[in-house]
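Everything below belongs to query13.cif, which stores mmCIF, C-alpha atoms.
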```
data_protein
loop_
_atom_site.label_atom_id
_atom_site.label_comp_id
_atom_site.auth_asym_id
_atom_site.auth_seq_id
_atom_site.Cartn_x
_atom_site.Cartn_y
_atom_site.Cartn_z
CA MET A 1218 38.84 -95.66 -126.63
CA ASN A 1219 41.69 -93.50 -127.75
CA ARG A 1220 40.84 -93.21 -131.39
CA PRO A 1221 37.42 -91.80 -132.27
CA VAL A 1222 34.72 -94.14 -133.40
CA THR A 1223 34.26 -94.09 -137.16
CA ILE A 1224 31.71 -95.61 -139.46
CA ASP A 1225 34.24 -98.28 -140.40
CA THR A 1226 34.70 -99.37 -136.79
CA ILE A 1227 30.98 -99.59 -136.26
CA THR A 1228 30.43 -101.52 -139.47
CA GLU A 1229 33.13 -103.97 -138.48
CA ARG A 1230 32.11 -104.47 -134.85
CA MET A 1231 28.37 -104.57 -135.36
CA LYS A 1232 28.00 -106.29 -138.70
CA GLU A 1233 25.69 -108.99 -137.32
CA PHE A 1234 23.11 -106.38 -136.31
CA GLY A 1235 22.72 -104.50 -139.57
CA THR A 1236 24.33 -101.98 -141.85
CA ALA A 1237 25.42 -98.60 -140.61
CA GLY A 1238 25.11 -95.43 -142.62
CA GLN A 1239 26.60 -92.01 -142.10
CA VAL A 1240 23.76 -89.49 -142.00
CA ARG A 1241 25.84 -86.42 -141.19
CA LYS A 1242 29.34 -85.77 -139.92
CA ASN A 1243 28.62 -86.89 -136.38
CA ARG A 1244 25.44 -88.89 -136.91
CA ILE A 1245 25.46 -92.61 -137.64
CA ARG A 1246 22.29 -94.58 -138.22
CA MET A 1247 21.94 -98.31 -138.07
CA LYS A 1248 18.89 -100.33 -138.92
CA THR A 1249 18.38 -103.48 -136.92
CA VAL A 1250 15.55 -105.77 -135.81
CA PRO A 1251 13.67 -105.75 -132.48
CA GLU A 1252 15.08 -109.13 -131.38
CA LYS A 1253 18.65 -107.86 -131.66
CA ILE A 1254 18.27 -104.39 -130.13
CA HIS A 1255 19.28 -105.59 -126.67
CA ASP A 1256 22.50 -107.16 -127.94
CA ALA A 1257 23.19 -104.23 -130.23
CA ILE A 1258 23.07 -101.81 -127.32
CA THR A 1259 25.23 -104.12 -125.20
CA THR A 1260 27.81 -104.26 -127.97
CA SER A 1261 27.80 -100.55 -128.62
CA GLN A 1262 28.17 -99.87 -124.92
CA ALA A 1263 30.93 -102.37 -124.26
CA MET A 1264 33.01 -102.20 -127.42
CA LEU A 1265 32.35 -98.78 -128.88
CA GLY A 1266 31.78 -96.62 -125.82
CA PHE A 1267 28.23 -95.45 -126.61
CA ASP A 1268 27.24 -95.44 -122.98
CA ARG A 1269 24.63 -92.70 -122.74
CA LEU A 1270 21.10 -92.69 -124.08
CA ILE A 1271 19.92 -89.32 -125.34
CA THR A 1272 16.35 -90.32 -126.02
CA ILE A 1273 14.17 -92.89 -127.66
CA SER A 1274 12.10 -91.34 -130.43
CA THR A 1275 9.18 -92.90 -132.19
CA VAL A 1276 7.88 -92.27 -135.69
CA ASP A 1277 4.48 -93.40 -136.89
CA ASN A 1278 5.08 -93.64 -140.61
CA GLY A 1279 1.68 -95.03 -141.51
CA GLN A 1280 2.63 -98.70 -141.87
CA THR A 1281 4.93 -99.33 -138.92
CA PHE A 1282 6.24 -97.71 -135.78
CA GLU A 1283 9.90 -96.82 -136.08
CA LEU A 1284 11.82 -96.62 -132.81
CA LEU A 1285 15.14 -94.78 -132.74
CA TYR A 1286 17.54 -95.25 -129.83
CA HIS A 1287 19.92 -92.31 -129.88
CA LEU A 1288 23.17 -93.21 -128.14
CA ILE A 1289 26.15 -90.97 -127.57
CA GLY A 1290 29.65 -91.62 -126.26
CA SER A 1291 32.59 -89.58 -125.13
CA ASP A 1292 33.67 -88.60 -128.66
CA ARG A 1293 30.39 -86.78 -129.46
CA ILE A 1294 29.24 -89.11 -132.21
CA ILE A 1295 25.55 -89.97 -132.05
CA MET A 1296 24.50 -93.42 -133.13
CA SER A 1297 20.82 -94.01 -133.85
CA LEU A 1298 19.71 -97.61 -133.70
CA ALA A 1299 16.45 -97.97 -135.61
CA ILE A 1300 13.90 -100.77 -135.36
CA ASP A 1301 10.53 -101.25 -137.04
CA LEU A 1302 7.53 -102.56 -135.16
CA PRO A 1303 4.27 -103.75 -136.75
CA ARG A 1304 1.17 -101.71 -136.01
CA ASP A 1305 -1.05 -104.61 -135.00
CA ASN A 1306 1.29 -106.07 -132.36
CA PRO A 1307 3.93 -103.54 -131.33
CA VAL A 1308 6.02 -105.44 -128.78
CA THR A 1309 9.75 -105.07 -128.24
CA PRO A 1310 12.11 -106.12 -125.44
CA THR A 1311 12.99 -103.43 -122.95
CA VAL A 1312 16.48 -101.95 -122.70
CA SER A 1313 15.89 -100.41 -119.28
CA ASP A 1314 18.08 -103.06 -117.67
CA LEU A 1315 21.04 -101.81 -119.73
CA LEU A 1316 20.19 -98.11 -119.71
CA PRO A 1317 18.17 -97.16 -116.62
CA SER A 1318 17.14 -93.86 -118.18
CA ALA A 1319 15.40 -95.75 -120.96
CA GLY A 1320 12.69 -96.88 -118.56
CA ILE A 1321 11.04 -93.48 -118.38
CA TYR A 1322 11.14 -93.02 -122.17
CA GLU A 1323 9.60 -96.44 -122.62
CA ARG A 1324 6.78 -95.54 -120.27
CA GLN A 1325 6.12 -92.37 -122.25
CA ILE A 1326 6.11 -94.22 -125.57
CA HIS A 1327 3.83 -96.85 -124.08
CA ASP A 1328 1.50 -94.10 -122.92
CA LEU A 1329 1.28 -92.17 -126.18
CA PHE A 1330 1.78 -94.86 -128.84
CA GLY A 1331 0.72 -98.07 -127.12
CA ILE A 1332 4.00 -99.83 -127.76
CA VAL A 1333 4.64 -102.58 -125.19
CA PHE A 1334 8.17 -102.96 -123.87
CA SER A 1335 8.23 -106.50 -122.54
CA GLY A 1336 10.30 -106.85 -119.40
CA ASN A 1337 9.99 -103.28 -118.21
CA PRO A 1338 8.98 -103.64 -114.55
CA ASN A 1339 7.12 -100.34 -114.32
CA MET A 1340 4.96 -100.13 -117.43
CA LYS A 1341 2.26 -97.73 -116.28
CA ARG A 1342 0.98 -94.26 -117.15
CA ILE A 1343 3.34 -91.35 -116.89
CA MET A 1344 2.07 -88.46 -119.03
CA LEU A 1345 -1.63 -88.77 -119.63
CA ASN A 1346 -4.17 -88.28 -116.88
CA GLU A 1347 -4.97 -91.25 -114.69
CA ASP A 1348 -8.57 -91.50 -115.95
CA TRP A 1349 -7.58 -91.50 -119.62
CA PRO A 1350 -9.47 -94.36 -121.30
CA PRO A 1351 -7.48 -97.48 -122.23
CA GLU A 1352 -6.78 -98.36 -125.87
CA GLU A 1353 -6.59 -94.69 -126.84
CA TYR A 1354 -3.15 -93.67 -128.05
CA PRO A 1355 -3.18 -89.99 -128.98
CA LEU A 1356 0.08 -89.73 -130.94
CA ARG A 1357 -0.84 -92.44 -133.43
CA LYS A 1358 -1.52 -90.92 -136.82
CA ASP A 1359 -4.87 -92.68 -137.22
CA TRP A 1360 -6.18 -91.52 -133.83
CA LYS A 1361 -8.95 -88.96 -133.66
CA PRO A 1362 -10.65 -87.79 -130.47
CA ASN A 1363 -13.99 -89.52 -130.17
CA PRO A 1364 -16.68 -87.02 -129.11
CA ASP A 1365 -18.59 -89.78 -127.31
CA VAL A 1366 -15.68 -90.84 -125.12
CA PHE A 1367 -14.89 -89.11 -121.83
CA TYR A 1368 -11.15 -88.47 -121.76
CA GLY A 1369 -10.87 -87.46 -118.13
CA GLY A 1370 -10.56 -84.11 -116.46
CA ILE A 1371 -13.82 -82.56 -115.29
CA LYS A 1372 -17.00 -83.87 -116.84
CA GLY A 1373 -18.85 -81.92 -119.48
CA GLU A 1374 -16.36 -79.07 -119.77
CA ARG A 1375 -13.92 -80.26 -122.39
CA SER A 1376 -12.86 -78.05 -125.28
CA MET B 737 -10.27 -69.27 -87.68
CA ALA B 738 -13.88 -68.32 -88.11
CA VAL B 739 -14.54 -65.16 -90.09
CA PRO B 740 -16.12 -62.50 -87.87
CA GLU B 741 -19.49 -61.55 -89.23
CA THR B 742 -19.97 -57.93 -88.27
CA GLY B 743 -18.47 -54.85 -86.83
CA MET B 744 -15.01 -53.56 -86.28
CA SER B 745 -13.14 -56.84 -86.56
CA ARG B 746 -14.60 -57.58 -89.96
CA ARG B 747 -13.73 -54.15 -91.26
CA LEU B 748 -10.24 -54.56 -89.83
CA MET B 749 -9.83 -57.92 -91.54
CA SER B 750 -10.93 -56.70 -94.94
CA TRP B 751 -8.70 -53.66 -94.56
CA ALA B 752 -5.73 -55.86 -93.66
CA ARG B 753 -6.48 -58.23 -96.53
CA ALA B 754 -6.53 -55.41 -99.04
CA LYS B 755 -3.29 -53.99 -97.69
CA SER B 756 -1.43 -57.27 -97.83
CA PRO B 757 -2.81 -59.77 -100.36
CA TRP B 758 -1.06 -63.09 -100.27
CA ILE B 759 -0.75 -64.80 -103.59
CA THR B 760 -0.23 -68.36 -104.66
CA VAL B 761 0.81 -69.26 -108.18
CA TYR B 762 -0.41 -72.42 -109.83
CA ASN B 763 1.06 -73.60 -113.10
CA SER B 764 -1.65 -75.68 -114.72
CA GLY B 765 0.39 -76.75 -117.70
CA ALA B 766 1.83 -73.51 -119.00
CA CYS B 767 5.10 -73.02 -120.83
CA ASN B 768 6.76 -71.32 -117.80
CA ALA B 769 6.99 -67.89 -119.44
CA CYS B 770 4.22 -66.57 -117.16
CA ASP B 771 5.98 -68.05 -114.14
CA ILE B 772 9.20 -66.31 -115.12
CA GLU B 773 7.32 -63.01 -115.38
CA ILE B 774 5.90 -63.58 -111.90
CA ILE B 775 9.42 -64.20 -110.63
CA ALA B 776 10.44 -60.96 -112.34
CA CYS B 777 7.67 -59.28 -110.31
CA LEU B 778 9.25 -60.48 -107.09
CA MET B 779 12.71 -59.28 -108.03
CA PRO B 780 13.97 -55.88 -106.84
CA ARG B 781 13.18 -54.09 -110.10
CA PHE B 782 9.43 -54.46 -109.72
CA ASP B 783 9.48 -55.45 -106.04
CA VAL B 784 5.86 -56.25 -105.27
CA GLU B 785 6.55 -56.66 -101.58
CA ARG B 786 6.45 -52.89 -101.19
CA PHE B 787 2.68 -53.22 -101.82
CA GLY B 788 2.44 -55.99 -99.27
CA ILE B 789 2.00 -58.61 -101.97
CA LEU B 790 3.59 -61.80 -100.81
CA VAL B 791 3.88 -65.03 -102.74
CA LYS B 792 3.07 -68.05 -100.61
CA GLY B 793 3.73 -71.65 -101.39
CA SER B 794 0.52 -72.99 -99.96
CA PRO B 795 -2.98 -72.15 -101.24
CA ARG B 796 -4.26 -72.41 -97.66
CA HIS B 797 -2.45 -69.20 -96.79
CA ALA B 798 -3.37 -67.27 -99.92
CA ASP B 799 -6.08 -64.78 -100.83
CA ILE B 800 -5.42 -64.65 -104.56
CA LEU B 801 -4.71 -67.58 -106.85
CA ILE B 802 -2.86 -66.83 -110.06
CA VAL B 803 -3.43 -69.55 -112.64
CA THR B 804 -0.79 -69.51 -115.34
CA GLY B 805 -1.60 -71.32 -118.48
CA HIS B 806 -4.21 -73.56 -119.96
CA VAL B 807 -5.57 -76.47 -117.96
CA THR B 808 -4.67 -79.96 -119.08
CA LEU B 809 -7.02 -82.82 -118.28
CA LYS B 810 -4.54 -84.08 -115.71
CA GLN B 811 -4.40 -80.72 -113.96
CA ALA B 812 -8.14 -79.99 -113.92
CA SER B 813 -9.03 -81.91 -110.78
CA ARG B 814 -5.84 -80.74 -109.07
CA LEU B 815 -6.56 -77.10 -109.90
CA ARG B 816 -10.04 -77.42 -108.49
CA ARG B 817 -8.65 -78.97 -105.34
CA VAL B 818 -6.14 -76.13 -104.95
CA PHE B 819 -8.98 -73.65 -105.39
CA GLU B 820 -11.15 -75.41 -102.83
CA GLN B 821 -8.34 -75.34 -100.28
CA MET B 822 -8.17 -71.54 -100.31
CA PRO B 823 -9.97 -69.74 -97.50
CA GLU B 824 -12.84 -67.39 -98.34
CA PRO B 825 -12.86 -64.74 -99.68
CA LYS B 826 -10.79 -66.04 -102.57
CA TYR B 827 -9.99 -64.47 -105.90
CA VAL B 828 -8.56 -65.96 -109.05
CA ILE B 829 -6.48 -64.26 -111.71
CA ALA B 830 -6.14 -66.08 -115.03
CA MET B 831 -2.86 -65.14 -116.55
CA GLY B 832 -2.00 -64.74 -120.20
CA ALA B 833 -3.63 -65.85 -123.40
CA CYS B 834 -3.65 -69.46 -122.26
CA GLY B 835 -5.52 -68.61 -119.09
CA ALA B 836 -8.15 -66.69 -121.01
CA SER B 837 -8.90 -69.13 -123.81
CA GLY B 838 -6.25 -71.80 -124.07
CA GLY B 839 -4.06 -69.75 -126.36
CA VAL B 840 -2.16 -71.74 -128.94
CA PHE B 841 -3.18 -74.93 -127.16
CA HIS B 842 -6.91 -74.39 -127.64
CA GLY B 843 -8.72 -77.47 -128.90
CA LEU B 844 -5.98 -80.01 -128.26
CA TYR B 845 -6.91 -83.50 -127.17
CA HIS B 846 -5.60 -83.17 -123.64
CA MET B 847 -7.09 -79.77 -122.78
CA MET B 848 -9.95 -78.30 -120.84
CA SER B 849 -11.63 -75.55 -122.85
CA SER B 850 -10.40 -72.78 -120.54
CA VAL B 851 -9.58 -72.07 -116.94
CA ASP B 852 -13.06 -70.74 -116.19
CA SER B 853 -14.57 -74.11 -117.06
CA VAL B 854 -12.81 -75.44 -113.96
CA ILE B 855 -12.86 -72.58 -111.46
CA PRO B 856 -14.49 -69.13 -111.52
CA ILE B 857 -12.17 -66.35 -112.65
CA ASP B 858 -12.30 -62.80 -111.35
CA VAL B 859 -9.63 -61.04 -113.39
CA TYR B 860 -8.06 -61.86 -116.73
CA VAL B 861 -4.63 -60.56 -117.72
CA ALA B 862 -3.90 -60.31 -121.43
CA GLY B 863 -0.54 -60.98 -122.97
CA CYS B 864 1.73 -63.84 -123.85
CA PRO B 865 3.28 -63.54 -121.35
CA PRO B 866 1.96 -60.46 -119.53
CA ARG B 867 4.55 -57.96 -118.41
CA PRO B 868 5.20 -57.70 -114.65
CA ASP B 869 3.53 -54.29 -114.49
CA GLU B 870 0.40 -55.82 -115.99
CA ILE B 871 0.47 -58.53 -113.35
CA ILE B 872 0.76 -55.89 -110.63
CA ASN B 873 -2.13 -54.02 -112.25
CA ALA B 874 -4.21 -57.19 -112.22
CA VAL B 875 -3.56 -57.70 -108.53
CA VAL B 876 -4.49 -54.06 -107.84
CA THR B 877 -7.68 -54.56 -109.90
CA CYS B 878 -8.37 -57.63 -107.82
CA LEU B 879 -7.93 -55.59 -104.63
CA ASN B 880 -10.40 -52.98 -105.86
CA LEU B 881 -12.79 -55.82 -106.60
CA MET B 882 -12.23 -57.10 -103.10
CA GLU B 883 -13.18 -53.72 -101.63
CA GLU B 884 -16.29 -53.51 -103.80
CA ASP B 885 -17.26 -57.02 -102.76
CA THR B 886 -16.84 -56.07 -99.12
CA ALA B 887 -19.11 -53.06 -99.69
CA HIS B 888 -21.69 -55.23 -101.46
CA GLY B 889 -21.37 -57.99 -98.89
CA GLY B 890 -20.31 -60.78 -101.19
CA LYS B 891 -19.55 -61.76 -104.74
CA GLU B 892 -23.15 -62.32 -105.78
CA TRP B 893 -23.63 -58.83 -107.21
CA ARG B 894 -21.17 -59.70 -109.98
CA GLN B 895 -22.93 -62.90 -111.03
CA LYS B 896 -24.12 -62.73 -114.60
CA LYS B 897 -27.88 -63.06 -114.77
CA PRO B 898 -28.97 -65.94 -116.98
CA ALA B 899 -30.83 -64.92 -120.10
CA PRO B 900 -34.52 -65.87 -120.00
CA GLY B 901 -35.07 -69.37 -121.28
CA VAL B 902 -31.38 -70.34 -121.18
CA ASP B 903 -30.44 -73.28 -119.04
CA THR B 904 -27.22 -72.42 -117.22
CA GLU B 905 -27.26 -75.19 -114.70
CA GLY B 906 -23.86 -76.07 -113.34
CA LYS B 907 -22.15 -73.06 -114.83
CA SER B 908 -20.74 -70.39 -112.61
CA CYS B 909 -19.85 -67.34 -114.61
CA THR B 910 -18.66 -64.07 -113.20
CA VAL B 911 -18.15 -60.79 -114.96
CA ALA B 912 -14.54 -59.74 -115.11
CA SER B 913 -14.24 -56.17 -114.02
#
```
What is this structure when it is put down as structure tokens?
Amino acid sequence: MNRPVTIDTITERMKEFGTAGQVRKNRIRMKTVPEKIHDAITTSQAMLGFDRLITISTVDNGQTFELLYHLIGSDRIIMSLAIDLPRDNPVTPTVSDLLPSAGIYERQIHDLFGIVFSGNPNMKRIMLNEDWPPEEYPLRKDWKPNPDVFYGGIKGERS
Amino acid sequence: MAVPETGMSRRLMSWARAKSPWITVYNSGACNACDIEIIACLMPRFDVERFGILVKGSPRHADILIVTGHVTLKQASRLRRVFEQMPEPKYVIAMGACGASGGVFHGLYHMMSSVDSVIPIDVYVAGCPPRPDEIINAVVTCLNLMEEDTAHGGKEWRQKKPAPGVDTEGKSCTVAS
């Protein structure tokens, strides 16, 4: 890639995945759907040079979970691919086969939000303690600690 | 090695322990500021090795455990295991605001209430983070406590007496000097 990636290039190359918008000078955001995220990342890696994943961030906006895949290439432009997942069945295909560093972010999101990344071979706890009860996802907005539930640690001494 | 019970060898051991306390540092979920201050202690400006204070990697070699930070639920059992591995007599210094009460993290979903709900604490150091001279002062306080304990023949004299009618089962609470 000799010429820097612009919003026009991205709109042209990735028009089947969604519409791109320029958020700031070096930030481009594209909304797509969970079924196409795998192909969208393949395309942006192969054709546009976005070959590094900064992070996957998750937003609980009340109705849905919004996942943002922040990708960066050699010309310092950050592209954020956004997908929406329903609250009642948050399942999305994994991208850890394309971006190996995504696997650890997916485990973290699975731990704290309960989002399932189908196809990730190592979908187990990473952040919370091993005896944390199942079906408790602490970063969901509607989650409150239940005083009757034991959340791990040492019994009877929780704050 | 078995601890000699009486006589010259015991006095020699407690003297040697007070002259050269070995310390282990355990980060139970802190923000690393306390750890950086401990590293500043070891550096030539503060140079704690001139007092014989030596930082060891293993709790099995240490006399004093410095706990930096609040205790997350994940770290609670590990911290207790580290404490149980230390040979007697063992002393614990809780470092900083987090060690005393949880600090800014108090009441979060993944927290123990404080360090002393997991292991008994002998000395608290205030500050966020404490300065290196305060850490050295805490260790010196701990050494004075060690000498007093040797004179009293154990730590029991510092145990807080339960108030009449109050059930304190399962709680070990010591008075910080």
TODO: Work out how far atom CA of Asn873 of chain B is from atom CA of Ala887 of chain B, in Å to one decimal.
DONE: 21.1 Å
Task: Residue nearest Lys1248 of chain A among A:Asn1339, A:Gln1325, A:Ser1297, A:Ser1274 (counting only C-alpha atoms) - done: A:Ser1297
Using all atoms listed in the file, determine which residues of chain B fall within 10 Å of chain A; present them as a PDB file with C-alpha atoms, keeping the file's coordinate frame.
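Output (selection.pdb):
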```pdb
ATOM      1  CA  VAL B 807      -5.570 -76.470-117.960  1.00  0.00           C
ATOM      2  CA  THR B 808      -4.670 -79.960-119.080  1.00  0.00           C
ATOM      3  CA  LEU B 809      -7.020 -82.820-118.280  1.00  0.00           C
ATOM      4  CA  LYS B 810      -4.540 -84.080-115.710  1.00  0.00           C
ATOM      5  CA  GLN B 811      -4.400 -80.720-113.960  1.00  0.00           C
ATOM      6  CA  ALA B 812      -8.140 -79.990-113.920  1.00  0.00           C
ATOM      7  CA  SER B 813      -9.030 -81.910-110.780  1.00  0.00           C
ATOM      8  CA  ARG B 814      -5.840 -80.740-109.070  1.00  0.00           C
ATOM      9  CA  ARG B 816     -10.040 -77.420-108.490  1.00  0.00           C
ATOM     10  CA  SER B 837      -8.900 -69.130-123.810  1.00  0.00           C
ATOM     11  CA  GLY B 838      -6.250 -71.800-124.070  1.00  0.00           C
ATOM     12  CA  HIS B 842      -6.910 -74.390-127.640  1.00  0.00           C
ATOM     13  CA  GLY B 843      -8.720 -77.470-128.900  1.00  0.00           C
ATOM     14  CA  LEU B 844      -5.980 -80.010-128.260  1.00  0.00           C
ATOM     15  CA  TYR B 845      -6.910 -83.500-127.170  1.00  0.00           C
ATOM     16  CA  HIS B 846      -5.600 -83.170-123.640  1.00  0.00           C
ATOM     17  CA  MET B 847      -7.090 -79.770-122.780  1.00  0.00           C
ATOM     18  CA  MET B 848      -9.950 -78.300-120.840  1.00  0.00           C
ATOM     19  CA  SER B 849     -11.630 -75.550-122.850  1.00  0.00           C
ATOM     20  CA  SER B 850     -10.400 -72.780-120.540  1.00  0.00           C
ATOM     21  CA  ASP B 852     -13.060 -70.740-116.190  1.00  0.00           C
ATOM     22  CA  SER B 853     -14.570 -74.110-117.060  1.00  0.00           C
ATOM     23  CA  VAL B 854     -12.810 -75.440-113.960  1.00  0.00           C
ATOM     24  CA  GLY B 906     -23.860 -76.070-113.340  1.00  0.00           C
ATOM     25  CA  LYS B 907     -22.150 -73.060-114.830  1.00  0.00           C
TER      26      LYS B 907
END
```
Task: Selection result of the PyMOL selection byres ((chain B and resi 864) around 6) on this file, as a ChimeraX atom specification - done: /B:832-833,863,865-866
Task: Atom-to-atom span, atom CA of Val761 of chain B and atom CA of Arg894 of chain B, Å - done: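 Taking atom CA of Val761 of chain B and atom CA of Arg894 of chain B, their separation equals 24.0 Å.
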TODO: Pull out every residue that the PyMOL selection byres ((chain A and resi 1232) around 12) matches in the shown coordinates and put them as a list of chain:residue names.
DONE: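 Answer for the PyMOL selection byres ((chain A and resi 1232) around 12): A:Ile1224, A:Asp1225, A:Thr1226, A:Ile1227, A:Thr1228, A:Glu1229, A:Arg1230, A:Met1231, A:Glu1233, A:Phe1234, A:Gly1235, A:Thr1236, A:Ala1237, A:Gly1238, A:Met1247, A:Lys1248, A:Thr1249, A:Lys1253, A:Ala1257, A:Thr1260, A:Ser1261.
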Open item on the list: Just to confirm, what's the straight-line distance from atom CA of Val1366 of chain A to atom CA of Leu1329 of chain A in Å (one decimal)?
Closed with: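 Rounded to one decimal, the two atoms are 17.0 Å apart.
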Using the chain letters and numbers from this file, what does the PyMOL selection byres ((chain A and resi 1293) around 10) select? Give the answer as a PDB file with C-alpha atoms, in the frame of the given file.
```pdb
ATOM      1  CA  PRO A1221      37.420 -91.800-132.270  1.00  0.00           C
ATOM      2  CA  VAL A1222      34.720 -94.140-133.400  1.00  0.00           C
ATOM      3  CA  ASN A1243      28.620 -86.890-136.380  1.00  0.00           C
ATOM      4  CA  ARG A1244      25.440 -88.890-136.910  1.00  0.00           C
ATOM      5  CA  PHE A1267      28.230 -95.450-126.610  1.00  0.00           C
ATOM      6  CA  LEU A1288      23.170 -93.210-128.140  1.00  0.00           C
ATOM      7  CA  ILE A1289      26.150 -90.970-127.570  1.00  0.00           C
ATOM      8  CA  GLY A1290      29.650 -91.620-126.260  1.00  0.00           C
ATOM      9  CA  SER A1291      32.590 -89.580-125.130  1.00  0.00           C
ATOM     10  CA  ASP A1292      33.670 -88.600-128.660  1.00  0.00           C
ATOM     11  CA  ILE A1294      29.240 -89.110-132.210  1.00  0.00           C
ATOM     12  CA  ILE A1295      25.550 -89.970-132.050  1.00  0.00           C
ATOM     13  CA  MET A1296      24.500 -93.420-133.130  1.00  0.00           C
TER      14      MET A1296
END
```
- [ ] Find the residue from A:Met1264, A:Thr1259, A:Ile1254, A:Arg1269 that sits nearest to Thr1311 of chain A; use all atoms listed in the file when measuring.
- [x]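 Closest to Thr1311 of chain A, using all atoms listed in the file: A:Ile1254.
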Open item on the list: So that I can see what lies close to Gly1331 of chain A, please list as a VMD selection string the residues with an atom at most 10 Å from it, counting all atoms listed in the file and leaving out residues fewer than 3 positions away in the same chain.
Closed with: chain A and resid 1304 1306 to 1308 1324 to 1328 1334 1351 to 1357
Open item on the list: Using all atoms listed in the file, list the residues that have an atom at most 8 Å from (14.4, -92.5, -133.0), coordinates as in the file, as a ChimeraX atom specification.
Closed with: /A:1272-1276,1283-1287,1297-1299
What does the file look like for those residues with C-alpha atoms, as a PDB file, keeping the file's coordinate frame?
```pdb
ATOM      1  CA  THR A1272      16.350 -90.320-126.020  1.00  0.00           C
ATOM      2  CA  ILE A1273      14.170 -92.890-127.660  1.00  0.00           C
ATOM      3  CA  SER A1274      12.100 -91.340-130.430  1.00  0.00           C
ATOM      4  CA  THR A1275       9.180 -92.900-132.190  1.00  0.00           C
ATOM      5  CA  VAL A1276       7.880 -92.270-135.690  1.00  0.00           C
ATOM      6  CA  GLU A1283       9.900 -96.820-136.080  1.00  0.00           C
ATOM      7  CA  LEU A1284      11.820 -96.620-132.810  1.00  0.00           C
ATOM      8  CA  LEU A1285      15.140 -94.780-132.740  1.00  0.00           C
ATOM      9  CA  TYR A1286      17.540 -95.250-129.830  1.00  0.00           C
ATOM     10  CA  HIS A1287      19.920 -92.310-129.880  1.00  0.00           C
ATOM     11  CA  SER A1297      20.820 -94.010-133.850  1.00  0.00           C
ATOM     12  CA  LEU A1298      19.710 -97.610-133.700  1.00  0.00           C
ATOM     13  CA  ALA A1299      16.450 -97.970-135.610  1.00  0.00           C
TER      14      ALA A1299
END
```
Open item on the list: I need the residue nearest Thr877 of chain B from this list: B:Ala754, B:Val784, B:Ile772, B:Ala798. Use only C-alpha atoms for the distance.
Closed with: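 Of B:Ala754, B:Val784, B:Ile772, B:Ala798, the one nearest Thr877 of chain B is B:Ala754, counting only C-alpha atoms.
Among the candidates B:Val803, B:Ala766, B:Leu881, B:Lys755, the residue lying nearest to Val861 of chain B is B:Val803 (atoms considered: only C-alpha atoms).
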TODO: Would you please work out which residue, of B:Ile775, B:Ala752, B:Ala769, B:Leu879, is nearest to Lys826 of chain B when using all atoms listed in the file?
DONE: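 Distance minimum relative to Lys826 of chain B lands on B:Leu879.
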